[in-house]
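Below is one structure, written out as structure tokens; comments come after it.
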Amino acid sequence: MLNPLFWYQAIALAFSQIWANKSRAFLTALGIIVGVASTTAVIAALTGLKSKVLTQFESVGASKVFIFPNRPDDKPRNLYPWEKVRLKTSEARALRDECESIRAITPITEVGLEVESGDRKIEGLSVTGIWPDWHEIENRNVTSGRPFTAIDETNERQVCLVNDDAVKELRLPADPVGQFITLGGRRFLIVGLIETVQARFFGLNTSSAEIFIPFSVAEKFQPRDFFMRITALLKSPELAEEGTAEMRWILRKQRGIPDGETESFQVEAIDRFIQQFKTLATGITAIAGGIVGISLLVGGIGIMNIMLVSVSERTREIGLRKAVGATPNMILLQFLLEAVTLCLVGGFIGLACGRLLAFGMTQIPSAQLDEADIPLWAVVLAFAFSAGTGLIFGMFPAIKAARLDPIEALRHE
Amino acid sequence: MSLIEVRQLEKVYRVGVEIIRALNGVDLTIERNDFIAIMGSSGSGKSTLMNMLGCLDRPTSGTYLLNGHDVSRMGATELARVRNEEIGFVFQSFELLPRQTALENVELPLVYAKGGWRDRRPRALAALDRVGLSDRVHHRPNQLSGGQRQRVAIARAILNRPSILLADEPTGNLDSATTVEILAIFRQLHAEGQTIIIVTHEDEVAAHCDRVVRLRDGKVMSDLPILQDSAGRHRGSAGAKGSHEPGEHKLPC
């Protein structure tokens, strides 16, 4: 029914109206611009953070489980002395021997030792005690020499692994395998060079100097009630639920905690962190959606107001258009198109501002937002919401224009 | 079949408690290629009659047959179609769109037409040529004189080859020299076969027409032919008050 010329002139007219009233159109669309800009920026930040965090979690391994001591909050402290709460090597062994759902497990303890290599001497360097399974759990292999073996552990051999940063700090030769260094006054043979992982985990740089020794050896350096944690690798990420339950059951049995009593330890699968983070991100996205809803409502009222002004300013023009044959529906459509165009232009500017904000975020050092980007669905949604606002809030002024009596309209001053 | 047949047309307005009979039983027949002036003082109902004839409004009662179709009971959308295809309006204050060129203004009726948009350029140019404005095609209204603006409006009115050209005080805003210019265009269009109805209160304008219909108190008071010479000059009114018989007074032109 409507010819292409109608569409062409309606859209051209919509743009020329905006162009002719630039500042008014800008102020009117400001609500939509700010709404779309802020929302897309929040979504961009969240998307960036999400992909970053999820990659980090995945680099850590989705099927990893962490076990650490945890004194219950709701119980008197004196009922849970440290000796009762701390993890013990025997518990790690029990888990290794009894737990069906884990593939690898290692206790981890850190001990501050004086490290000497030739005339180089570093006080209080953190040395980590691990089981050979650690290589598999952390997915870190030696680039030279050999990894730890079960014999190193059982025989308490004085061997160690170092990473590149440690080699640099201790001024060791590039291939340090076969060299001796002194840890806490004892001579250790470097058996392997371990690769450095450039994983920045929440800003915590893990790629500084690292020295690893067998757990049984590290235990010797520690006081009686030393702190250790346990990291395990599940046979598959799907076992997160089942595996953590099994480990808790074993640990309860080890500690003799009866049913219903609060546990003095915590077992957490990485998978759960991921789920929690995803839930949190969805929540924030929903809040951002709420913000856009409110700002579009405010913006929409502005649009309605300016469209009413436009209808009354152009009453004579509407009268003329009707006189030359515009039907009420054509007038309605024309004004709706104008409102939608105004909103879409606002949405476009808002999106450009949001994009700029997102780019700004990526430039903030150490903000962890360098992957911030507006996803396609947010772009589509921004335009859809803008157009929807134009349709809803442009409807009333458009109906008013369509219902104008042509005679009255032509007489209007 | 006459072009326009109006029978017992009535229009009643209610203003507060007062009832105004703007048209009180108008009978009027207009033939193709008539050139009519509708006259009357203010309040005589001439504007209301023009709105009815232009399909801008619907009568309270009575019938209006345009080309044999009863337009007095049509809805707003149908009336818009009729206005688009059958009627060309010329207004006292031109009513041009200020930001559009003369050409775009002339093309406006095709925006709302069913077809014809493909050859809008040649048609609009031809219409502008007919009113002698071929050299002002890309000017905007504020770059044109009053007479030129009204000529653009006439070109717009004749673009869709309407059955009726309906002019409401077309020279009301123009000086006498320009008035003559515009009336000459009307006469030329009439000579080319166009039916023209001019609503005016100026005798001078009415004198250029072939027939004058005078209204008073919502009724036709007189309906007289005017004899014209071939140049379109006024020869003086002839005949007594009475019904108009088409063709009788026409001179070849």
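Ordering of the structure tokens sets the chain letters (A, B, ...); residue numbers start at 1 within each chain; ligands are numbered from 1 in the order shown.
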
Residues of chain A within 12 Å of chain B, counting only C-alpha atoms, what are they? List them as a count of residues only. 47

Write out as CSV the residues of segment 88-176 of chain A that have any atom within 10 Å of an atom of segment 241-247 of chain A, one row each with the nearest atom pair and its distance in Å to one decimal, counting only C-alpha atoms, sorted by chain and then rising number.
residue,atom,partner,partner_atom,distance
A:Ala94,CA,A:Met247,CA,9.6
A:Leu95,CA,A:Met247,CA,6.7
A:Arg96,CA,A:Met247,CA,9.8
A:Glu98,CA,A:Met247,CA,8.9
A:Cys99,CA,A:Met247,CA,6.5
A:Glu100,CA,A:Gly243,CA,8.0
A:Ser101,CA,A:Gly243,CA,5.4
A:Ile102,CA,A:Gly243,CA,7.1

Write down as a PyMOL selection string the residues belonging to segment 15-182 of chain A that are assigned strand (DSSP E) by DSSP computed on the backbone. chain A and resi 64-69+102-117+120-130+142-145+159-163+180-182

Let's have the selection written as a compact mmCIF listing (two decimals), in the first residue's frame, with N, CA and C atoms.
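After the write, out_4.txt holds the following:
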# COMPACT_ATOMS: atom_id res chain seq x y z
N LYS A 64 40.26 -29.07 39.37
CA LYS A 64 41.11 -29.00 40.56
C LYS A 64 40.27 -28.84 41.82
N VAL A 65 40.76 -29.44 42.90
CA VAL A 65 40.08 -29.31 44.19
C VAL A 65 41.09 -28.81 45.21
N PHE A 66 40.68 -27.83 46.01
CA PHE A 66 41.54 -27.30 47.06
C PHE A 66 41.00 -27.73 48.41
N ILE A 67 41.89 -28.17 49.27
CA ILE A 67 41.50 -28.52 50.63
C ILE A 67 42.34 -27.68 51.57
N PHE A 68 41.70 -27.00 52.50
CA PHE A 68 42.46 -26.21 53.46
C PHE A 68 41.76 -26.23 54.81
N PRO A 69 42.52 -25.99 55.87
CA PRO A 69 41.91 -26.02 57.20
C PRO A 69 40.95 -24.85 57.37
N ILE A 102 39.85 -39.14 42.56
CA ILE A 102 40.97 -38.25 42.24
C ILE A 102 42.04 -38.98 41.45
N ARG A 103 42.69 -38.23 40.58
CA ARG A 103 43.72 -38.80 39.74
C ARG A 103 45.10 -38.52 40.34
N ALA A 104 45.22 -37.32 40.94
CA ALA A 104 46.51 -36.92 41.49
C ALA A 104 46.26 -36.06 42.71
N ILE A 105 47.20 -36.05 43.64
CA ILE A 105 47.04 -35.25 44.86
C ILE A 105 48.41 -34.86 45.40
N THR A 106 48.50 -33.68 45.95
CA THR A 106 49.75 -33.27 46.58
C THR A 106 49.47 -32.36 47.76
N PRO A 107 50.20 -32.57 48.87
CA PRO A 107 50.18 -31.56 49.92
C PRO A 107 51.16 -30.47 49.51
N ILE A 108 50.90 -29.27 49.93
CA ILE A 108 51.79 -28.17 49.59
C ILE A 108 52.11 -27.40 50.86
N THR A 109 53.38 -27.14 51.08
CA THR A 109 53.74 -26.31 52.22
C THR A 109 54.87 -25.39 51.81
N GLU A 110 54.88 -24.20 52.35
CA GLU A 110 55.93 -23.25 52.00
C GLU A 110 56.78 -22.97 53.23
N VAL A 111 58.08 -22.96 53.01
CA VAL A 111 59.00 -22.70 54.12
C VAL A 111 60.00 -21.63 53.71
N GLY A 112 60.18 -20.65 54.57
CA GLY A 112 61.13 -19.58 54.26
C GLY A 112 62.54 -20.01 54.65
N LEU A 113 63.43 -20.07 53.67
CA LEU A 113 64.79 -20.56 53.92
C LEU A 113 65.83 -19.58 53.38
N GLU A 114 67.02 -19.68 53.96
CA GLU A 114 68.15 -18.92 53.43
C GLU A 114 68.73 -19.73 52.28
N VAL A 115 68.85 -19.08 51.11
CA VAL A 115 69.31 -19.81 49.93
C VAL A 115 70.67 -19.27 49.52
N GLU A 116 71.62 -20.18 49.28
CA GLU A 116 72.97 -19.77 48.89
C GLU A 116 73.37 -20.47 47.61
N SER A 117 73.98 -19.71 46.73
CA SER A 117 74.53 -20.31 45.52
C SER A 117 75.82 -19.58 45.23
N ARG A 120 76.36 -15.90 46.17
CA ARG A 120 75.03 -15.27 46.19
C ARG A 120 74.25 -15.85 47.37
N LYS A 121 73.59 -14.96 48.12
CA LYS A 121 72.90 -15.42 49.32
C LYS A 121 71.58 -14.64 49.45
N ILE A 122 70.47 -15.35 49.51
CA ILE A 122 69.17 -14.68 49.66
C ILE A 122 68.51 -15.20 50.93
N GLU A 123 68.11 -14.22 51.77
CA GLU A 123 67.45 -14.57 53.03
C GLU A 123 65.96 -14.80 52.80
N GLY A 124 65.41 -15.76 53.52
CA GLY A 124 63.96 -15.94 53.58
C GLY A 124 63.27 -16.13 52.26
N LEU A 125 63.87 -16.88 51.36
CA LEU A 125 63.21 -17.19 50.09
C LEU A 125 62.21 -18.32 50.35
N SER A 126 61.06 -18.21 49.74
CA SER A 126 60.02 -19.22 49.96
C SER A 126 60.33 -20.46 49.14
N VAL A 127 60.47 -21.57 49.82
CA VAL A 127 60.72 -22.85 49.15
C VAL A 127 59.48 -23.72 49.37
N THR A 128 59.03 -24.36 48.28
CA THR A 128 57.76 -25.09 48.34
C THR A 128 58.01 -26.59 48.35
N GLY A 129 57.35 -27.24 49.31
CA GLY A 129 57.45 -28.69 49.37
C GLY A 129 56.25 -29.33 48.68
N ILE A 130 56.56 -30.31 47.77
CA ILE A 130 55.48 -30.92 46.97
C ILE A 130 55.71 -32.41 46.77
N VAL A 142 59.28 -30.08 33.45
CA VAL A 142 60.65 -29.56 33.41
C VAL A 142 61.06 -29.35 31.97
N THR A 143 61.80 -28.29 31.73
CA THR A 143 62.31 -28.05 30.38
C THR A 143 63.69 -28.67 30.23
N SER A 144 64.26 -29.00 31.35
CA SER A 144 65.59 -29.60 31.34
C SER A 144 65.70 -30.46 32.60
N GLY A 145 66.48 -31.55 32.56
CA GLY A 145 66.59 -32.43 33.72
C GLY A 145 65.39 -33.34 33.85
N VAL A 159 67.03 -33.00 46.76
CA VAL A 159 67.04 -32.53 45.37
C VAL A 159 66.04 -31.38 45.26
N CYS A 160 66.24 -30.55 44.27
CA CYS A 160 65.30 -29.44 44.10
C CYS A 160 65.08 -29.12 42.63
N LEU A 161 63.96 -28.41 42.37
CA LEU A 161 63.65 -27.90 41.03
C LEU A 161 63.65 -26.37 41.13
N VAL A 162 64.15 -25.71 40.12
CA VAL A 162 64.13 -24.24 40.13
C VAL A 162 63.49 -23.73 38.83
N ASN A 163 63.01 -22.51 38.87
CA ASN A 163 62.49 -21.93 37.62
C ASN A 163 63.46 -20.87 37.09
N PHE A 180 74.77 -27.45 42.51
CA PHE A 180 74.33 -27.56 43.90
C PHE A 180 74.01 -26.18 44.45
N ILE A 181 72.91 -26.08 45.23
CA ILE A 181 72.64 -24.85 45.98
C ILE A 181 72.39 -25.23 47.42
N THR A 182 72.57 -24.25 48.31
CA THR A 182 72.38 -24.53 49.73
C THR A 182 71.05 -23.94 50.18

Residues flagged helix (DSSP H, G or I) by DSSP in segment 79-130 of chain B, as a list in words: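 Filtering segment 79-130 of chain B down to helix (DSSP H, G or I) leaves Leu79, Ala80, Arg81, Val82, Arg83, Asn84, Glu85, Glu86, Ala102, Leu103, Glu104, Asn105, Val106, Glu107, Leu108, Pro109, Leu110, Val111, Arg120, Arg121, Pro122, Arg123, Ala124, Leu125, Ala126, Ala127, Leu128, Asp129 and Arg130 of chain B.
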
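Atom pair atom CA of Glu169 of chain B / atom CA of Arg216 of chain B: separated by 17.6 Å.
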
To one decimal place, how far is atom CA of Thr55 of chain A from atom CA of Ile194 of chain A in Å?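 Result for atom CA of Thr55 of chain A versus atom CA of Ile194 of chain A: 22.2 Å, one decimal.
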